[in-house]
Amino acid sequence: MKLYTELFSENSIKGKILRIKDDMERLIMPVCKEKFWIECYGAHQIDPKNLAFWICVQADKTKERLESESDLLNTLRLLLVKYNYPEKARAHVHIGFESQDTVDRESNGDWYLHLK
């Protein structure tokens with residue numbers, strides 16, 4: 001059991017986001033053989049539509065492959081429904097892919113600057 005399940009109710013926005021992120025990791029793991037992580041941020045406390053999920057991978061090639069898998073993106077978006085993320089916000093939540101290669105090339109390896 002993850003610690004956040006004790007700290008954040010499944011009905012709280014933060015609890016929903018953490019559970020969505022967890023499921024995203026489980027969905028990405030079988031299709032991404034390299035190291036990856038998921039960043040999520042935004043002013044969702046102000047408005048739930050202010051949320052972004054970034055699946056961060058190592059290589060541009062992996063990023064391009066994952067971006068091209070429309071079924072994968074649809075499945076990731078369905079997690080918003082599964083966890084009852086506020087319906088009016090769902091279409092505004094960003095789910096994207098980024099690679100270390102791109103961050104190195106465009107932002108001198110600075111993920112914070114790059115995703116800002």
# chains A, B, ... in the order shown; residues from 1 in each chain; ligands from 1
call {"tool": "residues_around", "arguments": {"residues": "region 48-60 of chain A", "least_positions_apart": "2", "cutoff": "9 Å", "atoms": "only C-alpha atoms", "output": "NGL selection string"}}
result
:A and (13 or 21 or 24-25 or 28 or 32 or 34-46 or 62-65 or 85-86 or 88-102 or 115)
call {"tool": "closest_residue", "arguments": {"among": "A:Lys16, A:Tyr112, A:Ser107, A:Glu10", "to": "Leu80 (chain A)", "atoms": "only C-alpha atoms"}}
result
A:Lys16
call {"tool": "select_by_dssp", "arguments": {"residues": "chain A", "states": "strand (DSSP E)", "output": "short mmCIF file (atom, residue, chain, number, x, y, z; two decimals) with N, CA and C atoms, in the first residue's frame"}}
result
data_model
loop_
_atom_site.label_atom_id
_atom_site.label_comp_id
_atom_site.auth_asym_id
_atom_site.auth_seq_id
_atom_site.Cartn_x
_atom_site.Cartn_y
_atom_site.Cartn_z
N TRP A 37 10.06 8.39 -15.81
CA TRP A 37 9.36 8.87 -14.63
C TRP A 37 8.22 9.76 -15.10
N ILE A 38 7.34 10.05 -14.19
CA ILE A 38 6.18 10.88 -14.54
C ILE A 38 6.18 12.10 -13.62
N GLU A 39 6.17 13.26 -14.25
CA GLU A 39 6.06 14.53 -13.53
C GLU A 39 4.61 14.99 -13.62
N CYS A 40 4.08 15.48 -12.53
CA CYS A 40 2.76 16.11 -12.60
C CYS A 40 2.82 17.38 -11.78
N TYR A 41 2.24 18.43 -12.31
CA TYR A 41 2.26 19.71 -11.63
C TYR A 41 1.15 20.59 -12.17
N ALA A 52 -0.87 19.15 -15.43
CA ALA A 52 -0.12 18.54 -16.53
C ALA A 52 0.58 17.29 -16.03
N PHE A 53 0.53 16.25 -16.83
CA PHE A 53 1.30 15.03 -16.61
C PHE A 53 2.30 14.93 -17.75
N TRP A 54 3.56 14.73 -17.43
CA TRP A 54 4.61 14.51 -18.42
C TRP A 54 5.23 13.15 -18.17
N ILE A 55 5.20 12.30 -19.18
CA ILE A 55 5.91 11.02 -19.13
C ILE A 55 7.31 11.33 -19.67
N CYS A 56 8.31 11.22 -18.82
CA CYS A 56 9.67 11.63 -19.13
C CYS A 56 10.52 10.39 -19.40
N VAL A 57 11.08 10.33 -20.60
CA VAL A 57 11.88 9.19 -21.03
C VAL A 57 13.28 9.66 -21.38
N HIS A 94 -3.31 18.31 -19.42
CA HIS A 94 -2.30 17.96 -20.43
C HIS A 94 -1.63 16.64 -20.05
N ILE A 95 -1.53 15.76 -21.02
CA ILE A 95 -0.74 14.52 -20.87
C ILE A 95 0.21 14.49 -22.05
N GLY A 96 1.50 14.55 -21.77
CA GLY A 96 2.48 14.60 -22.85
C GLY A 96 3.71 13.76 -22.54
N PHE A 97 4.59 13.72 -23.52
CA PHE A 97 5.83 12.94 -23.43
C PHE A 97 7.00 13.88 -23.69
N GLU A 98 8.08 13.67 -22.95
CA GLU A 98 9.29 14.44 -23.20
C GLU A 98 10.50 13.55 -22.95
N SER A 99 11.60 13.90 -23.61
CA SER A 99 12.81 13.07 -23.49
C SER A 99 13.98 13.86 -22.94
#
call {"tool": "select_by_dssp", "arguments": {"residues": "chain A", "states": "helix (DSSP H, G or I)", "output": "number ranges by chain"}}
result
A: 4-7, 13-31, 60-68, 70-82, 87-90, 100-107, 111-115
